[in-house]
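Colleague: Once you've had a glance at the structure underneath, I'll fire off some questions.
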Amino acid sequence: MALSEQEIVRRDNLRQLQELGINAFPHELVPVTHLTATLKAEYKDEAPELLKDVCIAGRLMAIREAGKAVFAEVQDSSGRLQIYVRRDDICAGEDKTLFDKVLKKLTDIGDYISVSGYMFRTKMGEISLHVTSFTFLSKALRPLPIVKKDKDGNIYDAFNNPELRHRQRYVDLTVNAEIKKTFLMRNKLIRSMRAFFDSHDWLEVETPILHPVHGGASARPFSTHHNALDMGLYLRIANELYLKRLIIGGFDGVYEIGRMFRNEGMSYKHNPEFTSMEIYVAYKDYVWMMAMTEELLAYICTQLHNRTAIEIEGHTIEFGGEYAKMSMFESIEKYTGHDLTGKSEEELRQICRELKIGVDNTMGVGKLVDEIFSAKVEKNLIQPTFITDHPLEMTPLAKKHRSKEGLVERFELFVLGKEIANAYTELNDAIDQRERFEHQLELAKRGDDEAMALDEDFLRAMEYGMPPMSGLGIGIDRLTMLMSNQHSIQEVLFFPQMRPETKNEVTE
RNA sequence: GAUCUUGUAGCUCAGCCGGUAGAGCAUUUGACUUUUAAUCAAAGGGUCUCGGGUUCGAAUCCCGACAGGAUCACCA
């Protein structure tokens with residue numbers, strides 16, 4: 001791959017540095033005393049002497065030359081600070097090489113440097129570091145995109161090509177300071193969720209990612225192979241069946257925040273690997289779980305936004321208090337006028353045709369109801385709403401409803417038309433569970449390629465006795481999108497999955 | 001997987017009624033010891049994603065491939 005003019009210049013600058021005896025990649029510890037944000041916060045005009053002998057390190061992100069002085073900006077993890085370098089300050093004697101050559105010619109934007117000196121405020125009012133010495137820390141061989149911002153906050157030449165931003169997230173993070181906030185918020189969301197669960201003494205656990213049987217969800221898995229065992233394995237599509245085994249083993253509450261893998265299409269809301277949180281608590285039912293979910297989301301939202309509500313897409317979403325509750329059939333009746341209670345498969349198919357919803361022959365009762373719900377109801381559920389009591393057929397791991405024939409005790413939480421959480425009163429009758437799995441096998445024979453596989457060991461575990469319990473799953477990426485007002489899942493993943501680059505950009 | 005759409009300099013974009021490329025920033029050279037989208041003067045930089053086709057001639061029109069985005073399908 002031929003080097004661009006700017007890459008050649010930078011390599012040549014590196015060579016010249018080395019010829020001057022300057023190590024462009026030194027080993028020594030950098031005596032950093034402050035973050036730039038700390039310096040700005042602690043600087044006081046009336047007592048500037050409190051901040052002398054300070055040292056910062058970071059990337060050089062802007063240079064403004066003014067003859068025998070240079071203004072530049074150094075960016076560290078906390079932000080940017082202007083530095084002011086006067087030739088006579090760093091080159092006291094006759095030899096002006098350090099200023100004229102090393103700083104002005106051989107140091108490029110993107111290079112890492114450390115500078116020390118004292119803090120002051122410029123004529124223009126900017127808190128700055130007056131440099132008395134500077135050290136080269138690392139040479140950048142490629143030019144960074146230069147994003148400029150004026151004093152009104154207008155951005156010029158933004159680095160905004162999504163392909164480049166996602167493929168080269170390191171560049172994105174370097175030049176687009178604000179995107180870091182989303183990832184910090186994601187981290188805070190997970191930490192606050194963990195803190196909430198830990199405060200209830202529920203145990204965080206880790207379960208296998210390599211599964212001999214793919215179960216716990218309806219999705220197509222990735223396949224892999226273990227050489228020594230010479231056996232096929234799947235990357236997990238869900239961890240539900242393992243977490244339940246742990247409750248069977250005697251824990252009161254277990255949760256796992258981890259990566260799931262589904263071999264399906266990609267879109268602005270689907271990545272092949274995504275992070276889910278699943279929690280199971282013994283002796284609880286789905287009614288209890290609804291209340292717990294309300295508390296959890298109110299807590300998380302408060303941790304992130306200092307209030308229980310968020311503003312998004314022109315709506316104020318309120319996570320405090322009790323959420324609206326509707327059974328799935330009630331919601332369908334509300335938005336389509338059709339009462340599906342007791343309807344046969346053929347009748348449902350007819351309703352789908354009336355509503356102009358595409359159906360095919362592999363779809364059973366559960367799937368047909370789900371199609372109607374997805375097409376007609378979901379998008380209307382803006383404020384947090386629990387949709388409860390789904391058809392038995394589409395939910396093979398949930399307990400039959402205590403009073404409603406043909407339904408299970410399940411809820412899904414919808415916010416802004418999107419599913420955020422999914423929970424059941426878990427099925428703990430092993431005989432019923434076996435029948436449900438067998439029904440899934442029939443669906444699979446009919447051509448439903450997402451039907452669940454039968455897990456013999458899971459049935460065996462349940463046959464030893466499983467306490468009543470409720471389980472909840474939350475998509476962390478989706479929740480982060482909601483909480484951070486991001487439209488695309490790629491904006492909440494550091495490294496979203498991309499097709500391979502065709503240009504041999506990476507190979508040198 | 002389907003539909004629509006985009007791909008031009010390191011980055012952001014113009015050029016697209018066909019006549020072999022432009023701007024701003026970045027880069028190079030020079031000036032400037034308080035600048036901040038620094039400024040001023042000058043210069044260099046492109047296999048116009050790739051492959052075909054139409055044409056005397058293609059960045060531009062047509063077909064295909066590759067990659068991205070949006071929407072849909074599926075799901076979390």
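Going by the structure tokens order, chains are called A, B, ..., each with residues numbered from 1, while ligands are numbered from 1 in the order shown.
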I'd like the contact shell of A:Asp370 - 9 Å cut-off, only C-alpha atoms (C1' of nucleotides), skipping same-chain residues fewer than 5 positions apart - returned as a ChimeraX atom specification.

Modeller: /A:365,375,390-391,394

Colleague: Please return as a list in words: the residues of stretch 98-182 of chain A that backbone DSSP assigns to strand (DSSP E or B).

Modeller: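 Strand (DSSP E or B) members of stretch 98-182 of chain A, listed: Tyr112, Ile113, Ser114, Val115, Ser116, Gly117, Tyr118, Met119, Phe120, Arg121, Ile127, Ser128, Leu129, His130, Val131, Thr132, Ser133, Phe134, Thr135, Phe136, Leu137, Ser138, Lys148, Lys149, Ile155 and Tyr156 of chain A.
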
Colleague: Skipping near chain neighbours, those fewer than 4 positions away, what residues fall within 10 Å of B:C16 using only C-alpha atoms (C1' of nucleotides), listed as a list in words?

Modeller: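 The residues satisfying every condition are A59, U60 and C61 of chain B.
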
Colleague: When DSSP is applied to the backbone of this structure, which of stretch 246-486 of chain A are assigned helix (DSSP H, G or I)? Write them out as a ChimeraX atom specification.

Modeller: /A:246-248,286-305,328-336,345-354,365-376,378-380,392-394,430-446,456-463,476-483

Colleague: Kindly provide the residues of chain A that approach chain B to within 6 Å, each paired with its closest atom pair and their distance in Å to one decimal, based on only C-alpha atoms (C1' of nucleotides), listed by chain and increasing number, as a Markdown table.

Modeller:
| residue | atom | partner | partner_atom | distance |
| --- | --- | --- | --- | --- |
| A:Gln6 | CA | B:U27 | C1' | 5.8 |
| A:Ala66 | CA | B:C32 | C1' | 5.4 |
| A:Gly67 | CA | B:C32 | C1' | 4.5 |
| A:Lys68 | CA | B:U33 | C1' | 4.7 |
| A:Ala69 | CA | B:U33 | C1' | 4.8 |
| A:Phe71 | CA | B:U35 | C1' | 6.0 |
| A:Thr122 | CA | B:U34 | C1' | 5.9 |
| A:Lys123 | CA | B:U34 | C1' | 5.8 |
| A:Pro143 | CA | B:G10 | C1' | 5.9 |
| A:Pro145 | CA | B:C11 | C1' | 4.6 |
| A:Lys148 | CA | B:A37 | C1' | 5.6 |
| A:Lys149 | CA | B:A37 | C1' | 5.8 |
| A:Asp150 | CA | B:A37 | C1' | 5.0 |
| A:Asp157 | CA | B:U12 | C1' | 4.4 |
| A:Glu163 | CA | B:G68 | C1' | 5.6 |
| A:Gly475 | CA | B:A76 | C1' | 5.3 |

Colleague: For A:Ser223, find every residue with an atom within 9 Å (counting only C-alpha atoms (C1' of nucleotides)), except residues of its own chain fewer than 4 positions away, and show them as a PyMOL selection string.

Modeller: chain A and resi 232-235

Colleague: So that I have them on file, write out the residues from the current selection with C-alpha atoms, as a tab-separated table (two decimals), in the first residue's frame.

Modeller:
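New file result27.tsv:
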chain	number	residue	atom	x	y	z
A	232	GLY	CA	-19.85	-29.70	17.94
A	233	LEU	CA	-20.71	-26.79	20.23
A	234	TYR	CA	-22.92	-23.75	19.93
A	235	LEU	CA	-22.24	-20.23	21.14

Colleague: Contacts of A:Arg307 at 12 Å or less, counting only C-alpha atoms (C1' of nucleotides), minus same-chain residues fewer than 2 places along, as an NGL selection string?

Modeller: :A and (297-305 or 309-311 or 316-320 or 483)

Colleague: In Å, with one decimal, what is the gap from atom CA of A:Ala228 to atom CA of A:His211?

Modeller: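 If I compute the distance from atom CA of A:Ala228 to atom CA of A:His211, I get 15.7 Å.
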
Colleague: Dump as a tab-separated table the rows for residues of stretch 31-106 of chain A within 10 Å of stretch 10-19 of chain A: closest atom pair and distance in Å with one decimal, only C-alpha atoms counted, ordered by chain and rising residue number.

Modeller:
residue	atom	partner	partner_atom	distance
A:Lys101	CA	A:Leu17	CA	9.1
A:Val102	CA	A:Leu17	CA	7.1
A:Lys105	CA	A:Asn13	CA	7.7
A:Leu106	CA	A:Asn13	CA	4.9

Colleague: Select, from A:Glu426, A:Asp53, A:Glu435, A:Glu450, the residue with the minimum atom-to-atom distance to A:Ser218, counting only C-alpha atoms.

Modeller: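 Using only C-alpha atoms, A:Ser218 sits closest to A:Glu450.
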